[in-house]
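Trainee: This is the structure, below, for whatever I ask next.
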Amino acid sequence: MAATDRSAVVIGASSGIGEAVARELAAEGYELGLTARRQEKLEELGDELPTKAYVARMDVTEPEAAREAFVDLVEAMNGADLVVVNAGIGRQNRDLDWEPERDTIDTNVRGFTALATAAMTHFEDQGHGHLVGISSVAAHAGDGTIPAYNASKAFVSNYLDGLRYRAHSRDADLTVTTIEPGFVDTKLAGGDFWKASTETAARQIVDAIEDGKRHAYITRRWRLVALAVDLMPDFALKRVFG
């Protein structure tokens, strides 16, 4: 049965996985807080959802302002039970130019950390909550063609582990879920192998949320790829990712 009294914030909800997750959560009955840089896209999405939606413009590359916007949004919603941090970028950078590396770190590391910590603070204050971070199978190895992206996703996965261990020691009902997608049909898709639609990805993400999972690969068979990469010797990694 769909939820009727739960609320969720989706950070990076204007397109791609974030938008699809917002739609799935609304179908499950969640009231939603929607954030992204493109407010008009959020308002269009909010109008289409079957549950109440709050909209807040947010640029995670401006972390202090983003944290303030998050606090204001959660207050307007009278609290949030779930926060999905989905904002992320990735650009190939074979020439190792500074700008793409800087922008990726600003979004995927600084921005992610700013909102993940804001969410955990909120959850600890209210005594319960569920943080979901969208990482990537790319977290399992470096890549010479897009180095900042893979490194930033390794940070996200490792940071979520740290927050999960911290949550274990807190006197609150806290859950932290790491999502590692493979190729999903978005602008960030790096290939067509086992590429999932955003709808399929979102359904599996929401299933992982509902099951309270610690970690989930999207789609599930990408776990095989992650395991293979983890077991690869260095000479093989150089050939694949060099």
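Simple scheme: letters A, B, ... for chains in structure tokens order, numbers from 1 for residues in each chain, numbers from 1 for ligands in the order shown.
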Can you pull out the residues contacting Val137 of chain A? Cut-off 6 Å, using only C-alpha atoms, and skip same-chain residues under 6 positions away; I want them as number ranges by chain.
Mentor: A: 180-182
Trainee: For those residues, write C-alpha atoms to a file as a PDB file, in the first residue's frame.
Mentor:
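What follows is the written file selection_9.pdb:
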ATOM      1  CA  GLU A 180      25.924   2.537  -7.520  1.00  0.00           C
ATOM      2  CA  PRO A 181      24.385   2.652 -11.007  1.00  0.00           C
ATOM      3  CA  GLY A 182      26.064   1.359 -14.126  1.00  0.00           C
TER       4      GLY A 182
END
Trainee: Would you tabulate, counting only C-alpha atoms, all residues of segment 62-177 of chain A that have an atom at most 9 Å from an atom of segment 12-27 of chain A, showing the closest pair of atoms and their distance in Å to one decimal, sorted by chain then ascending number, as a tab-separated table?
Mentor:
residue	atom	partner	partner_atom	distance
A:Val84	CA	A:Gly18	CA	8.2
A:Val85	CA	A:Gly12	CA	7.1
A:Asn86	CA	A:Gly12	CA	5.3
A:Ala87	CA	A:Gly12	CA	4.5
A:Gly88	CA	A:Gly12	CA	7.9
Trainee: Would you output that residue set with all heavy atoms, as an mmCIF file, in the first residue's frame?
Mentor:
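Result went into out.cif, see below:
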data_model
loop_
_atom_site.group_PDB
_atom_site.id
_atom_site.type_symbol
_atom_site.label_atom_id
_atom_site.label_comp_id
_atom_site.auth_asym_id
_atom_site.auth_seq_id
_atom_site.Cartn_x
_atom_site.Cartn_y
_atom_site.Cartn_z
ATOM 1 N N VAL A 84 17.365 12.052 -0.831
ATOM 2 C CA VAL A 84 18.130 11.430 -1.911
ATOM 3 C C VAL A 84 19.039 12.489 -2.505
ATOM 4 O O VAL A 84 18.561 13.481 -3.067
ATOM 5 C CB VAL A 84 17.200 10.861 -2.999
ATOM 6 C CG1 VAL A 84 18.024 10.201 -4.109
ATOM 7 C CG2 VAL A 84 16.210 9.861 -2.400
ATOM 8 N N VAL A 85 20.355 12.287 -2.375
ATOM 9 C CA VAL A 85 21.324 13.249 -2.927
ATOM 10 C C VAL A 85 21.796 12.700 -4.266
ATOM 11 O O VAL A 85 22.586 11.758 -4.336
ATOM 12 C CB VAL A 85 22.512 13.462 -1.979
ATOM 13 C CG1 VAL A 85 23.433 14.553 -2.535
ATOM 14 C CG2 VAL A 85 22.023 13.857 -0.592
ATOM 15 N N ASN A 86 21.297 13.311 -5.334
ATOM 16 C CA ASN A 86 21.517 12.801 -6.678
ATOM 17 C C ASN A 86 22.351 13.731 -7.548
ATOM 18 O O ASN A 86 22.833 13.311 -8.598
ATOM 19 C CB ASN A 86 20.151 12.546 -7.348
ATOM 20 C CG ASN A 86 20.279 12.207 -8.814
ATOM 21 O OD1 ASN A 86 20.803 11.175 -9.177
ATOM 22 N ND2 ASN A 86 19.798 13.095 -9.678
ATOM 23 N N ALA A 87 22.545 14.972 -7.147
ATOM 24 C CA ALA A 87 23.237 15.938 -7.988
ATOM 25 C C ALA A 87 24.642 15.453 -8.325
ATOM 26 O O ALA A 87 25.399 15.044 -7.452
ATOM 27 C CB ALA A 87 23.304 17.287 -7.288
ATOM 28 N N GLY A 88 24.995 15.498 -9.598
ATOM 29 C CA GLY A 88 26.331 15.063 -10.004
ATOM 30 C C GLY A 88 26.582 15.364 -11.471
ATOM 31 O O GLY A 88 25.644 15.418 -12.274
#
Trainee: For the helix (DSSP H, G or I) assignment from backbone DSSP, which residues of segment 13-214 of chain A qualify? Please present them as a ChimeraX atom specification.
Mentor: /A:16-27,39-48,63-76,98-126,137-140,147-168,198-210
Trainee: List as a ChimeraX atom specification the protein and nucleic acid residues near segment 51-60 of chain A, meaning an atom at most 8 Å away when only C-alpha atoms are counted, but skip any in the same chain fewer than 2 places from it.
Mentor: /A:26-27,29-39,42-43,46-47,49,62-63,65-66,69,73,77,87,106-107,110-112,114-115
Trainee: So that I can see what lies close to Ala119 of chain A, please list as a tab-separated table (two decimals) with C-alpha atoms, in the first residue's frame the residues with an atom at most 8 Å from it, counting only C-alpha atoms and leaving out residues fewer than 4 positions away in the same chain.
Mentor:
chain	number	residue	atom	x	y	z
A	83	VAL	CA	16.75	12.56	1.45
A	115	LEU	CA	23.93	18.30	1.52
A	123	PHE	CA	17.80	13.28	10.84
A	131	LEU	CA	19.90	9.17	3.53
Trainee: Between A:Ala202, A:Ile146, A:Ala172, A:Val9, single out the one closest to Asn93 of chain A, counting only C-alpha atoms.
Mentor: A:Ile146
Trainee: From the set A:Tyr159, A:Arg220, A:Glu75, A:Ala118, which residue has the shortest atom-to-atom contact distance to Ser135 of chain A, counting only C-alpha atoms?
Mentor: A:Tyr159
Trainee: Rounded to one decimal, what separation in Å do you get between atom CA of Thr175 of chain A and atom CA of Val132 of chain A?
Mentor: 8.4 Å
Trainee: Write out as a ChimeraX atom specification the set of residues from segment 6-183 of chain A that DSSP, computed on the backbone, places in strand (DSSP E or B).
Mentor: /A:7-11,31-36,53-57,82-85,128-134,173-181
Trainee: Please produce a file of the residues just selected, as an mmCIF file, in the first residue's frame, where the atoms kept are C-alpha atoms.
Mentor:
data_model
loop_
_atom_site.group_PDB
_atom_site.id
_atom_site.type_symbol
_atom_site.label_atom_id
_atom_site.label_comp_id
_atom_site.auth_asym_id
_atom_site.auth_seq_id
_atom_site.Cartn_x
_atom_site.Cartn_y
_atom_site.Cartn_z
ATOM 1 C CA SER A 7 8.095 12.917 2.988
ATOM 2 C CA ALA A 8 11.230 12.942 0.869
ATOM 3 C CA VAL A 9 13.641 15.500 -0.539
ATOM 4 C CA VAL A 10 15.214 14.710 -3.911
ATOM 5 C CA ILE A 11 18.292 16.824 -4.622
ATOM 6 C CA GLU A 31 5.156 14.217 -0.305
ATOM 7 C CA LEU A 32 8.204 15.639 -2.032
ATOM 8 C CA GLY A 33 10.703 18.441 -1.802
ATOM 9 C CA LEU A 34 12.288 18.978 -5.213
ATOM 10 C CA THR A 35 15.586 20.804 -5.682
ATOM 11 C CA ALA A 36 17.838 21.635 -8.624
ATOM 12 C CA ALA A 53 5.428 18.930 -3.956
ATOM 13 C CA TYR A 54 7.589 21.738 -2.562
ATOM 14 C CA VAL A 55 10.107 23.346 -4.903
ATOM 15 C CA ALA A 56 13.395 25.035 -4.046
ATOM 16 C CA ARG A 57 16.085 26.249 -6.410
ATOM 17 C CA LEU A 82 14.120 10.561 3.324
ATOM 18 C CA VAL A 83 16.751 12.560 1.453
ATOM 19 C CA VAL A 84 18.130 11.430 -1.911
ATOM 20 C CA VAL A 85 21.324 13.249 -2.927
ATOM 21 C CA HIS A 128 15.050 9.232 12.425
ATOM 22 C CA GLY A 129 15.735 9.424 8.716
ATOM 23 C CA HIS A 130 17.080 7.719 5.639
ATOM 24 C CA LEU A 131 19.902 9.173 3.527
ATOM 25 C CA VAL A 132 20.403 7.853 -0.007
ATOM 26 C CA GLY A 133 23.452 8.858 -2.027
ATOM 27 C CA ILE A 134 23.784 8.225 -5.761
ATOM 28 C CA ASP A 173 16.753 5.397 13.786
ATOM 29 C CA LEU A 174 19.090 6.200 10.888
ATOM 30 C CA THR A 175 19.611 4.407 7.578
ATOM 31 C CA VAL A 176 22.232 5.193 4.924
ATOM 32 C CA THR A 177 21.991 3.636 1.458
ATOM 33 C CA THR A 178 24.652 3.764 -1.250
ATOM 34 C CA ILE A 179 23.382 3.425 -4.827
ATOM 35 C CA GLU A 180 25.924 2.537 -7.520
ATOM 36 C CA PRO A 181 24.385 2.652 -11.007
#
Trainee: So which one's closest to Arg102 of chain A, A:Ala201, A:Thr121, A:Pro147, A:Glu68? Using only C-alpha atoms, please.
Mentor: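 Nearest candidate to Arg102 of chain A out of A:Ala201, A:Thr121, A:Pro147, A:Glu68: A:Pro147.
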Trainee: If you measure from atom CA of Asp125 of chain A to atom CA of Ile209 of chain A, what distance in Å do you get, rounded to one decimal?
Mentor: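 Going from atom CA of Asp125 of chain A over to atom CA of Ile209 of chain A, I get 21.0 Å.
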Trainee: How far is it from atom CA of Trp194 of chain A to atom CA of Ile218 of chain A, in Å with one decimal?
Mentor: 10.0 Å
